[in-house]
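**Student:** Provided below: start-v9.cif, containing mmCIF, C-alpha atoms.
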```
data_my_file
loop_
_atom_site.group_PDB
_atom_site.id
_atom_site.type_symbol
_atom_site.label_atom_id
_atom_site.label_comp_id
_atom_site.auth_asym_id
_atom_site.auth_seq_id
_atom_site.Cartn_x
_atom_site.Cartn_y
_atom_site.Cartn_z
ATOM 1 C CA SER A 1 -20.520 53.669 51.421
ATOM 2 C CA SER A 2 -17.548 54.754 53.503
ATOM 3 C CA SER A 3 -18.019 51.899 55.988
ATOM 4 C CA ARG A 4 -18.274 49.211 53.343
ATOM 5 C CA GLY A 5 -14.831 47.818 54.135
ATOM 6 C CA THR A 6 -15.839 46.955 57.711
ATOM 7 C CA ASP A 7 -19.198 45.354 56.946
ATOM 8 C CA PRO A 8 -18.716 41.584 57.196
ATOM 9 C CA VAL A 9 -19.451 38.822 54.733
ATOM 10 C CA PHE A 10 -21.105 35.949 56.568
ATOM 11 C CA LEU A 11 -20.714 32.427 55.197
ATOM 12 C CA ALA A 12 -23.533 30.247 56.482
ATOM 13 C CA SER A 13 -25.409 27.124 55.464
ATOM 14 C CA ASP A 14 -28.690 27.793 53.688
ATOM 15 C CA SER A 15 -30.240 25.149 55.956
ATOM 16 C CA GLN A 16 -29.938 27.567 58.906
ATOM 17 C CA SER A 17 -32.959 29.679 57.970
ATOM 18 C CA GLU A 18 -33.566 31.055 61.470
ATOM 19 C CA LEU A 19 -29.963 32.173 61.775
ATOM 20 C CA LEU A 20 -29.947 33.697 58.292
ATOM 21 C CA ASN A 21 -33.047 35.789 59.006
ATOM 22 C CA SER A 22 -31.580 37.036 62.286
ATOM 23 C CA LEU A 23 -28.272 37.935 60.638
ATOM 24 C CA SER A 24 -30.138 40.063 58.090
ATOM 25 C CA GLU A 25 -31.940 41.896 60.904
ATOM 26 C CA GLU A 26 -28.970 42.362 63.249
ATOM 27 C CA PHE A 27 -26.402 43.157 60.545
ATOM 28 C CA PRO A 28 -28.381 44.930 57.802
ATOM 29 C CA ARG A 29 -25.238 46.141 56.010
ATOM 30 C CA ALA A 30 -23.612 42.706 56.003
ATOM 31 C CA ARG A 31 -23.438 40.457 52.981
ATOM 32 C CA ILE A 32 -24.630 36.883 53.446
ATOM 33 C CA GLU A 33 -23.199 34.150 51.226
ATOM 34 C CA LEU A 34 -25.145 30.892 51.309
ATOM 35 C CA LEU A 35 -23.323 27.581 51.540
ATOM 36 C CA SER A 36 -24.767 24.267 50.463
ATOM 37 C CA PRO A 37 -25.551 21.912 53.389
ATOM 38 C CA LEU A 38 -22.686 19.492 53.954
ATOM 39 C CA HIS A 39 -23.095 15.762 54.416
ATOM 40 C CA ALA A 40 -20.761 12.785 54.242
ATOM 41 C CA ASP A 41 -22.411 11.600 51.038
ATOM 42 C CA SER A 42 -22.156 14.933 49.187
ATOM 43 C CA PRO A 43 -18.538 15.599 48.199
ATOM 44 C CA SER A 44 -19.821 17.770 45.369
ATOM 45 C CA ALA A 45 -21.267 20.215 47.918
ATOM 46 C CA ILE A 46 -17.913 20.427 49.706
ATOM 47 C CA ARG A 47 -16.190 21.193 46.410
ATOM 48 C CA ALA A 48 -18.853 23.709 45.366
ATOM 49 C CA ASN A 49 -18.586 25.585 48.671
ATOM 50 C CA PHE A 50 -14.799 25.643 48.448
ATOM 51 C CA LEU A 51 -14.828 27.089 44.934
ATOM 52 C CA HIS A 52 -17.531 29.584 45.897
ATOM 53 C CA VAL A 53 -15.449 30.975 48.761
ATOM 54 C CA PHE A 54 -12.254 30.844 46.699
ATOM 55 C CA ASP A 55 -13.882 32.983 43.983
ATOM 56 C CA LEU A 56 -15.138 35.410 46.636
ATOM 57 C CA ILE A 57 -11.644 35.881 48.072
ATOM 58 C CA ARG A 58 -10.072 36.195 44.637
ATOM 59 C CA MET A 59 -12.573 38.872 43.629
ATOM 60 C CA MET A 60 -11.877 40.896 46.787
ATOM 61 C CA VAL A 61 -8.119 40.697 46.366
ATOM 62 C CA ARG A 62 -8.245 41.592 42.661
ATOM 63 C CA ASN A 63 -10.468 44.611 43.288
ATOM 64 C CA GLY A 64 -8.069 46.079 45.825
ATOM 65 C CA VAL A 65 -7.992 46.906 49.518
ATOM 66 C CA GLU A 66 -11.108 49.087 49.367
ATOM 67 C CA SER A 67 -13.266 46.111 48.388
ATOM 68 C CA ILE A 68 -11.897 43.729 51.033
ATOM 69 C CA ARG A 69 -14.437 42.961 53.747
ATOM 70 C CA PRO A 70 -14.153 40.736 56.830
ATOM 71 C CA ILE A 71 -15.193 37.157 56.121
ATOM 72 C CA VAL A 72 -16.939 35.255 58.912
ATOM 73 C CA LEU A 73 -17.536 31.514 58.548
ATOM 74 C CA LEU A 74 -20.306 30.238 60.858
ATOM 75 C CA VAL A 75 -19.969 26.526 61.636
ATOM 76 C CA PRO A 76 -22.813 24.748 63.491
ATOM 77 C CA GLU A 77 -21.894 22.136 66.060
ATOM 78 C CA ALA A 78 -23.109 19.008 64.303
ATOM 79 C CA PRO A 79 -21.764 15.704 62.923
ATOM 80 C CA GLU A 80 -21.075 17.381 59.579
ATOM 81 C CA SER A 81 -18.936 20.124 61.154
ATOM 82 C CA ALA A 82 -15.777 18.287 60.100
ATOM 83 C CA PHE A 83 -16.652 18.932 56.465
ATOM 84 C CA TYR A 84 -16.053 22.656 57.015
ATOM 85 C CA ALA A 85 -12.342 21.973 57.514
ATOM 86 C CA ALA A 86 -11.536 22.691 53.862
ATOM 87 C CA LEU A 87 -13.157 26.127 54.059
ATOM 88 C CA SER A 88 -11.428 26.828 57.355
ATOM 89 C CA GLY A 89 -8.030 25.970 55.860
ATOM 90 C CA LEU A 90 -8.725 28.076 52.776
ATOM 91 C CA LEU A 91 -9.634 31.131 54.849
ATOM 92 C CA LYS A 92 -6.598 30.804 57.109
ATOM 93 C CA THR A 93 -4.290 30.473 54.101
ATOM 94 C CA ALA A 94 -5.870 33.524 52.469
ATOM 95 C CA HIS A 95 -5.296 35.500 55.653
ATOM 96 C CA LEU A 96 -1.638 34.478 55.750
ATOM 97 C CA GLU A 97 -1.130 35.580 52.146
ATOM 98 C CA HIS A 98 -3.237 38.750 52.514
ATOM 99 C CA PRO A 99 -3.031 40.029 56.125
ATOM 100 C CA SER A 100 -5.456 42.849 55.292
ATOM 101 C CA LEU A 101 -8.152 40.196 54.848
ATOM 102 C CA ALA A 102 -9.816 39.792 58.255
ATOM 103 C CA ILE A 103 -11.039 36.272 58.944
ATOM 104 C CA LYS A 104 -13.224 34.760 61.647
ATOM 105 C CA ILE A 105 -14.248 31.099 61.926
ATOM 106 C CA ILE A 106 -16.887 30.724 64.618
ATOM 107 C CA HIS A 107 -18.233 27.368 65.802
ATOM 108 C CA PHE A 108 -21.518 27.537 67.664
ATOM 109 C CA SER A 109 -23.987 25.249 69.413
ATOM 110 C CA SER A 110 -27.710 25.453 68.666
ATOM 111 C CA HIS A 111 -28.915 22.828 71.141
ATOM 112 C CA ASP A 112 -30.197 25.276 73.749
ATOM 113 C CA SER A 113 -33.746 26.572 73.164
ATOM 114 C CA ARG A 114 -32.549 30.187 73.502
ATOM 115 C CA TRP A 115 -29.304 29.720 71.636
ATOM 116 C CA LEU A 116 -29.971 32.264 68.886
ATOM 117 C CA PRO A 117 -30.237 35.542 70.870
ATOM 118 C CA LYS A 118 -27.283 34.450 72.993
ATOM 119 C CA PHE A 119 -25.184 33.654 69.940
ATOM 120 C CA LEU A 120 -26.090 36.917 68.192
ATOM 121 C CA GLY A 121 -24.929 38.833 71.258
ATOM 122 C CA ARG A 122 -21.603 36.998 71.205
ATOM 123 C CA LEU A 123 -21.305 37.516 67.466
ATOM 124 C CA LYS A 124 -21.686 41.292 67.890
ATOM 125 C CA ILE A 125 -18.813 41.254 70.367
ATOM 126 C CA GLU A 126 -16.660 39.232 67.955
ATOM 127 C CA MET A 127 -17.321 41.819 65.231
ATOM 128 C CA THR A 128 -15.657 44.483 67.383
ATOM 129 C CA SER A 129 -12.301 42.656 67.289
ATOM 130 C CA LEU A 130 -11.950 41.404 63.736
ATOM 131 C CA GLN A 131 -8.143 41.343 63.912
ATOM 132 C CA GLY A 132 -8.145 39.104 66.984
ATOM 133 C CA ASP A 133 -8.496 35.348 67.290
ATOM 134 C CA LEU A 134 -9.089 33.580 63.977
ATOM 135 C CA GLU A 135 -10.990 30.480 65.084
ATOM 136 C CA ILE A 136 -13.373 30.434 68.023
ATOM 137 C CA ARG A 137 -15.785 27.901 69.439
ATOM 138 C CA TYR A 138 -18.724 28.683 71.707
ATOM 139 C CA THR A 139 -19.726 25.660 73.743
ATOM 140 C CA GLN A 140 -23.274 24.733 74.703
ATOM 141 C CA ARG A 141 -22.631 26.407 78.058
ATOM 142 C CA GLY A 142 -21.496 29.598 76.347
ATOM 143 C CA GLU A 143 -17.787 29.185 77.056
ATOM 144 C CA ARG A 144 -15.478 30.810 74.516
ATOM 145 C CA GLU A 145 -12.666 28.572 73.311
ATOM 146 C CA VAL A 146 -9.880 29.621 70.948
ATOM 147 C CA VAL A 147 -8.175 27.222 68.539
ATOM 148 C CA GLN A 148 -4.408 27.573 68.885
ATOM 149 C CA LEU A 149 -1.350 25.769 67.617
ATOM 150 C CA GLY A 150 1.088 24.331 70.095
ATOM 151 C CA GLU A 151 4.229 22.249 70.041
ATOM 152 C CA ILE A 152 3.988 18.569 70.846
ATOM 153 C CA ALA A 153 6.656 16.142 71.971
ATOM 154 C CA LEU A 154 7.314 13.687 69.149
ATOM 155 C CA PRO A 155 8.020 10.046 69.959
ATOM 156 C CA LYS A 156 11.561 8.817 69.523
ATOM 157 C CA HIS A 157 12.517 7.767 66.022
ATOM 158 C CA SER A 158 11.362 4.311 65.038
ATOM 159 C CA GLU A 159 13.327 2.081 62.697
ATOM 160 C CA ARG A 160 10.142 0.338 61.560
ATOM 161 C CA PRO A 161 10.103 0.104 57.736
ATOM 162 C CA ILE A 162 7.710 2.369 55.866
ATOM 163 C CA SER A 163 4.680 0.465 54.620
ATOM 164 C CA GLY A 164 4.514 0.247 50.821
ATOM 165 C CA LEU A 165 8.188 0.994 50.200
ATOM 166 C CA GLY A 166 10.799 -1.666 49.657
ATOM 167 C CA LYS A 167 14.231 -2.369 48.265
ATOM 168 C CA GLY A 168 14.760 -0.905 44.823
ATOM 169 C CA ASP A 169 11.962 1.670 45.067
ATOM 170 C CA VAL A 170 12.785 5.257 44.100
ATOM 171 C CA VAL A 171 11.365 8.246 46.004
ATOM 172 C CA TRP A 172 11.617 11.717 44.488
ATOM 173 C CA VAL A 173 11.461 14.601 46.978
ATOM 174 C CA ILE A 174 10.869 17.955 45.259
ATOM 175 C CA GLY A 175 12.414 20.831 47.179
ATOM 176 C CA GLY A 176 14.484 18.239 48.977
ATOM 177 C CA LEU A 177 16.852 20.690 50.679
ATOM 178 C CA GLY A 178 14.094 22.921 52.012
ATOM 179 C CA GLY A 179 12.697 22.673 55.534
ATOM 180 C CA LEU A 180 10.005 20.074 54.875
ATOM 181 C CA GLY A 181 12.096 18.372 52.202
ATOM 182 C CA MET A 182 14.877 17.717 54.719
ATOM 183 C CA ILE A 183 12.394 16.291 57.235
ATOM 184 C CA PHE A 184 10.934 13.889 54.662
ATOM 185 C CA ALA A 185 14.356 12.945 53.307
ATOM 186 C CA ARG A 186 15.741 12.141 56.750
ATOM 187 C CA HIS A 187 12.708 10.057 57.660
ATOM 188 C CA LEU A 188 12.771 8.171 54.360
ATOM 189 C CA GLY A 189 16.497 7.620 54.555
ATOM 190 C CA ARG A 190 16.298 6.158 58.050
ATOM 191 C CA SER A 191 13.111 4.118 57.721
ATOM 192 C CA GLY A 192 12.947 3.242 54.020
ATOM 193 C CA LYS A 193 15.461 0.434 53.918
ATOM 194 C CA GLY A 194 16.903 -0.204 50.459
ATOM 195 C CA ILE A 195 15.158 2.686 48.722
ATOM 196 C CA LYS A 196 16.853 5.240 46.501
ATOM 197 C CA LEU A 197 16.255 8.900 47.355
ATOM 198 C CA VAL A 198 16.273 11.529 44.620
ATOM 199 C CA LEU A 199 16.200 15.106 45.849
ATOM 200 C CA SER A 200 15.654 18.018 43.495
ATOM 201 C CA GLY A 201 15.544 21.780 43.746
ATOM 202 C CA ARG A 202 16.178 24.950 41.795
ATOM 203 C CA SER A 203 19.230 25.892 43.846
ATOM 204 C CA PRO A 204 22.700 24.622 42.940
ATOM 205 C CA LEU A 205 24.407 22.209 45.299
ATOM 206 C CA GLN A 206 26.892 24.622 46.833
ATOM 207 C CA GLY A 207 27.548 26.472 50.065
ATOM 208 C CA GLY A 208 24.967 25.746 52.743
ATOM 209 C CA ASN A 209 23.064 23.407 50.459
ATOM 210 C CA ARG A 210 26.119 21.232 50.005
ATOM 211 C CA GLU A 211 26.545 20.956 53.768
ATOM 212 C CA LEU A 212 22.908 19.945 54.185
ATOM 213 C CA PHE A 213 23.272 17.318 51.488
ATOM 214 C CA ARG A 214 26.413 15.901 53.117
ATOM 215 C CA GLU A 215 24.431 15.476 56.336
ATOM 216 C CA LEU A 216 21.811 13.509 54.445
ATOM 217 C CA GLU A 217 24.459 11.410 52.687
ATOM 218 C CA ALA A 218 25.743 10.352 56.099
ATOM 219 C CA GLU A 219 22.258 9.168 57.108
ATOM 220 C CA CYS A 220 20.959 7.740 53.809
ATOM 221 C CA SER A 221 22.610 4.853 52.033
ATOM 222 C CA ASP A 222 21.541 5.786 48.458
ATOM 223 C CA ILE A 223 20.786 9.427 47.716
ATOM 224 C CA ILE A 224 21.420 11.870 44.862
ATOM 225 C CA TYR A 225 20.597 15.518 44.177
ATOM 226 C CA LEU A 226 19.423 16.916 40.836
ATOM 227 C CA GLN A 227 19.177 20.632 40.176
ATOM 228 C CA GLY A 228 16.095 21.603 38.186
ATOM 229 C CA ASP A 229 12.789 23.434 38.115
ATOM 230 C CA VAL A 230 9.813 21.041 38.000
ATOM 231 C CA SER A 231 7.660 23.794 36.458
ATOM 232 C CA ASN A 232 10.005 23.731 33.454
ATOM 233 C CA LEU A 233 9.260 20.735 31.256
ATOM 234 C CA SER A 234 12.750 20.700 29.717
ATOM 235 C CA ASP A 235 14.293 20.352 33.204
ATOM 236 C CA VAL A 236 12.051 17.408 34.045
#
```
Could you show the structure in this file as structure tokens?
**Tutor:**
Amino acid sequence: SSSRGTDPVFLASDSQSELLNSLSEEFPRARIELLSPLHADSPSAIRANFLHVFDLIRMMVRNGVESIRPIVLLVPEAPESAFYAALSGLLKTAHLEHPSLAIKIIHFSSHDSRWLPKFLGRLKIEMTSLQGDLEIRYTQRGEREVVQLGEIALPKHSERPISGLGKGDVVWVIGGLGGLGMIFARHLGRSGKGIKLVLSGRSPLQGGNRELFRELEAECSDIIYLQGDVSNLSDV
């Protein structure tokens, strides 16, 4: 149908039978993908759910924009909620790589006796703003909270040695002159006393890269740079 692209795909645990039935009634055009219940002692279920959602996203992207539908992950407020983190990260990454893929991650509480009609009303409102907030949590009192990233003040640098690394150890940092590579290299150079740092990257050591490496040389006692592509076996 012409509205297919806006009909959501709900990801919900198959243990939430009451919720699943209500979703089918309130959103008859929606697609409901069942997730295996998650528990601390069932890593296989976490993996299976991850691969299931990964295949769903891959199929949508391969079939083109017309087949892409909003994906809504429903996370119950329970001890096992933490095990949904992998799915949450996967969906957010997919959205970053494919902005046309609308994502919603909605945490909800089912402790109140009338939680379901209240939650369905809130869910309908969320469906009207699919390009808005990515991750939302509805508290037991019905308050809407939005997960956001914010800067934090890091503690001052500590000279405490890094556990597990000692004199003579070699640490290889792939992409060593990139943003994260520089952060790791500086930290290792300052805190890893007596270790040898090997940085590698595809770019030659010239221009701005050479300046960055000179900065590291001034901070690290034993460091070298090797140009190479780790995806190329002959370079490694």
**Student:** Going by the chain IDs and residue numbers used in this file, which residues fall under the PyMOL selection byres ((chain A and resi 225) around 12)? Write them as a VMD selection string.
**Tutor:** chain A and resid 171 to 177 185 196 to 206 209 to 210 212 to 214 216 to 217 222 to 224 226 to 228
**Student:** Hey, which of A:Leu101, A:Val230, A:Ile195, A:Ala45 ends up closest to Leu165 in chain A? Count only C-alpha atoms.
**Tutor:**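 Closest candidate: A:Ile195.
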**Student:** Running the PyMOL selection byres ((chain A and resi 119) around 12) on this model by hand, what would come out? Give it as a PDB file with C-alpha atoms, in the coordinates of the input.
**Tutor:**
```pdb
ATOM      1  CA  LEU A  19     -29.963  32.173  61.775  1.00  0.00           C
ATOM      2  CA  SER A  22     -31.580  37.036  62.286  1.00  0.00           C
ATOM      3  CA  LEU A  23     -28.272  37.935  60.638  1.00  0.00           C
ATOM      4  CA  GLU A  26     -28.970  42.362  63.249  1.00  0.00           C
ATOM      5  CA  LEU A  74     -20.306  30.238  60.858  1.00  0.00           C
ATOM      6  CA  PRO A  76     -22.813  24.748  63.491  1.00  0.00           C
ATOM      7  CA  ILE A 106     -16.887  30.724  64.618  1.00  0.00           C
ATOM      8  CA  HIS A 107     -18.233  27.368  65.802  1.00  0.00           C
ATOM      9  CA  PHE A 108     -21.518  27.537  67.664  1.00  0.00           C
ATOM     10  CA  SER A 109     -23.987  25.249  69.413  1.00  0.00           C
ATOM     11  CA  SER A 110     -27.710  25.453  68.666  1.00  0.00           C
ATOM     12  CA  HIS A 111     -28.915  22.828  71.141  1.00  0.00           C
ATOM     13  CA  ASP A 112     -30.197  25.276  73.749  1.00  0.00           C
ATOM     14  CA  SER A 113     -33.746  26.572  73.164  1.00  0.00           C
ATOM     15  CA  ARG A 114     -32.549  30.187  73.502  1.00  0.00           C
ATOM     16  CA  TRP A 115     -29.304  29.720  71.636  1.00  0.00           C
ATOM     17  CA  LEU A 116     -29.971  32.264  68.886  1.00  0.00           C
ATOM     18  CA  PRO A 117     -30.237  35.542  70.870  1.00  0.00           C
ATOM     19  CA  LYS A 118     -27.283  34.450  72.993  1.00  0.00           C
ATOM     20  CA  LEU A 120     -26.090  36.917  68.192  1.00  0.00           C
ATOM     21  CA  GLY A 121     -24.929  38.833  71.258  1.00  0.00           C
ATOM     22  CA  ARG A 122     -21.603  36.998  71.205  1.00  0.00           C
ATOM     23  CA  LEU A 123     -21.305  37.516  67.466  1.00  0.00           C
ATOM     24  CA  LYS A 124     -21.686  41.292  67.890  1.00  0.00           C
ATOM     25  CA  ILE A 125     -18.813  41.254  70.367  1.00  0.00           C
ATOM     26  CA  GLU A 126     -16.660  39.232  67.955  1.00  0.00           C
ATOM     27  CA  ARG A 137     -15.785  27.901  69.439  1.00  0.00           C
ATOM     28  CA  TYR A 138     -18.724  28.683  71.707  1.00  0.00           C
ATOM     29  CA  THR A 139     -19.726  25.660  73.743  1.00  0.00           C
ATOM     30  CA  GLN A 140     -23.274  24.733  74.703  1.00  0.00           C
ATOM     31  CA  ARG A 141     -22.631  26.407  78.058  1.00  0.00           C
ATOM     32  CA  GLY A 142     -21.496  29.598  76.347  1.00  0.00           C
ATOM     33  CA  GLU A 143     -17.787  29.185  77.056  1.00  0.00           C
ATOM     34  CA  ARG A 144     -15.478  30.810  74.516  1.00  0.00           C
TER      35      ARG A 144
END
```
**Student:** Can you work out the spacing between CA of Leu91 in chain A and CA of Asp229 in chain A in Å, to one decimal?
**Tutor:** 29.0 Å
**Student:** Please determine an axis-aligned box that encloses all atoms of range 6-19 of chain A listed in the file, with 3 Å added on each side, and express its centre and edge lengths in Å to one decimal as lines of an AutoDock Vina configuration file.
**Tutor:**
```
center_x = -24.7
center_y = 36.1
center_z = 57.7
size_x = 23.7
size_y = 27.8
size_z = 14.1
```
**Student:** For Ala94 in chain A, work out the shell of residues within 12 Å, counting only C-alpha atoms and skipping chain neighbours fewer than 6 positions away, then give it as a list of chain:residue names.
**Tutor:** A:Val53, A:Phe54, A:Asp55, A:Leu56, A:Ile57, A:Arg58, A:Met60, A:Val61, A:Ile68, A:Pro70, A:Ile71, A:Leu87, A:Ser88, A:Ser100, A:Leu101, A:Ala102, A:Ile103, A:Lys104, A:Leu134
**Student:** Taking all heavy atoms as the atom set, what does range 180-190 of chain A look like once completed, written as a compact mmCIF listing (two decimals), in the coordinates of the input?
**Tutor:**
```
# COMPACT_ATOMS: atom_id res chain seq x y z
N LEU A 180 10.80 21.30 54.89
CA LEU A 180 10.01 20.07 54.88
C LEU A 180 10.71 18.97 54.09
O LEU A 180 10.64 17.79 54.47
CB LEU A 180 8.63 20.33 54.27
CG LEU A 180 7.63 21.11 55.13
CD1 LEU A 180 6.36 21.40 54.36
CD2 LEU A 180 7.30 20.33 56.40
N GLY A 181 11.38 19.36 53.00
CA GLY A 181 12.10 18.37 52.20
C GLY A 181 13.13 17.62 53.02
O GLY A 181 13.27 16.40 52.91
N MET A 182 13.86 18.34 53.87
CA MET A 182 14.88 17.72 54.72
C MET A 182 14.23 16.76 55.72
O MET A 182 14.75 15.67 55.98
CB MET A 182 15.66 18.80 55.46
CG MET A 182 16.62 19.59 54.60
SD MET A 182 18.10 18.63 54.18
CE MET A 182 18.92 18.56 55.77
N ILE A 183 13.08 17.16 56.26
CA ILE A 183 12.39 16.29 57.24
C ILE A 183 11.98 14.98 56.57
O ILE A 183 12.20 13.89 57.10
CB ILE A 183 11.16 17.02 57.82
CG1 ILE A 183 11.61 18.19 58.69
CG2 ILE A 183 10.30 16.05 58.63
CD1 ILE A 183 10.48 19.07 59.17
N PHE A 184 11.37 15.09 55.37
CA PHE A 184 10.93 13.89 54.66
C PHE A 184 12.13 13.03 54.26
O PHE A 184 12.10 11.81 54.37
CB PHE A 184 10.12 14.26 53.42
CG PHE A 184 8.74 14.77 53.72
CD1 PHE A 184 8.31 15.99 53.23
CD2 PHE A 184 7.87 14.03 54.50
CE1 PHE A 184 7.04 16.45 53.50
CE2 PHE A 184 6.59 14.48 54.78
CZ PHE A 184 6.17 15.71 54.28
N ALA A 185 13.19 13.69 53.76
CA ALA A 185 14.36 12.94 53.31
C ALA A 185 15.00 12.17 54.45
O ALA A 185 15.38 11.00 54.29
CB ALA A 185 15.36 13.90 52.67
N ARG A 186 15.13 12.82 55.60
CA ARG A 186 15.74 12.14 56.75
C ARG A 186 14.89 10.94 57.18
O ARG A 186 15.42 9.87 57.47
CB ARG A 186 15.89 13.12 57.91
CG ARG A 186 17.08 14.05 57.77
CD ARG A 186 17.48 14.63 59.13
NE ARG A 186 18.75 15.31 59.04
CZ ARG A 186 18.88 16.63 58.96
NH1 ARG A 186 17.80 17.40 58.93
NH2 ARG A 186 20.08 17.18 58.88
N HIS A 187 13.59 11.15 57.22
CA HIS A 187 12.71 10.06 57.66
C HIS A 187 12.76 8.90 56.67
O HIS A 187 12.86 7.73 57.07
CB HIS A 187 11.27 10.58 57.79
CG HIS A 187 10.29 9.52 58.17
ND1 HIS A 187 10.31 8.90 59.41
CD2 HIS A 187 9.27 8.95 57.47
CE1 HIS A 187 9.34 8.00 59.46
NE2 HIS A 187 8.70 8.01 58.30
N LEU A 188 12.72 9.22 55.37
CA LEU A 188 12.77 8.17 54.36
C LEU A 188 14.11 7.46 54.37
O LEU A 188 14.19 6.24 54.22
CB LEU A 188 12.50 8.77 52.98
CG LEU A 188 11.07 9.24 52.72
CD1 LEU A 188 11.03 10.16 51.49
CD2 LEU A 188 10.15 8.05 52.53
N GLY A 189 15.17 8.23 54.55
CA GLY A 189 16.50 7.62 54.56
C GLY A 189 16.71 6.68 55.71
O GLY A 189 17.40 5.65 55.58
N ARG A 190 16.12 7.00 56.87
CA ARG A 190 16.30 6.16 58.05
C ARG A 190 15.37 4.95 58.05
O ARG A 190 15.74 3.86 58.46
CB ARG A 190 16.03 6.98 59.31
CG ARG A 190 17.06 8.07 59.58
CD ARG A 190 16.55 9.00 60.66
NE ARG A 190 17.51 10.03 61.02
CZ ARG A 190 17.22 11.09 61.78
NH1 ARG A 190 16.00 11.24 62.25
NH2 ARG A 190 18.16 11.99 62.07
```
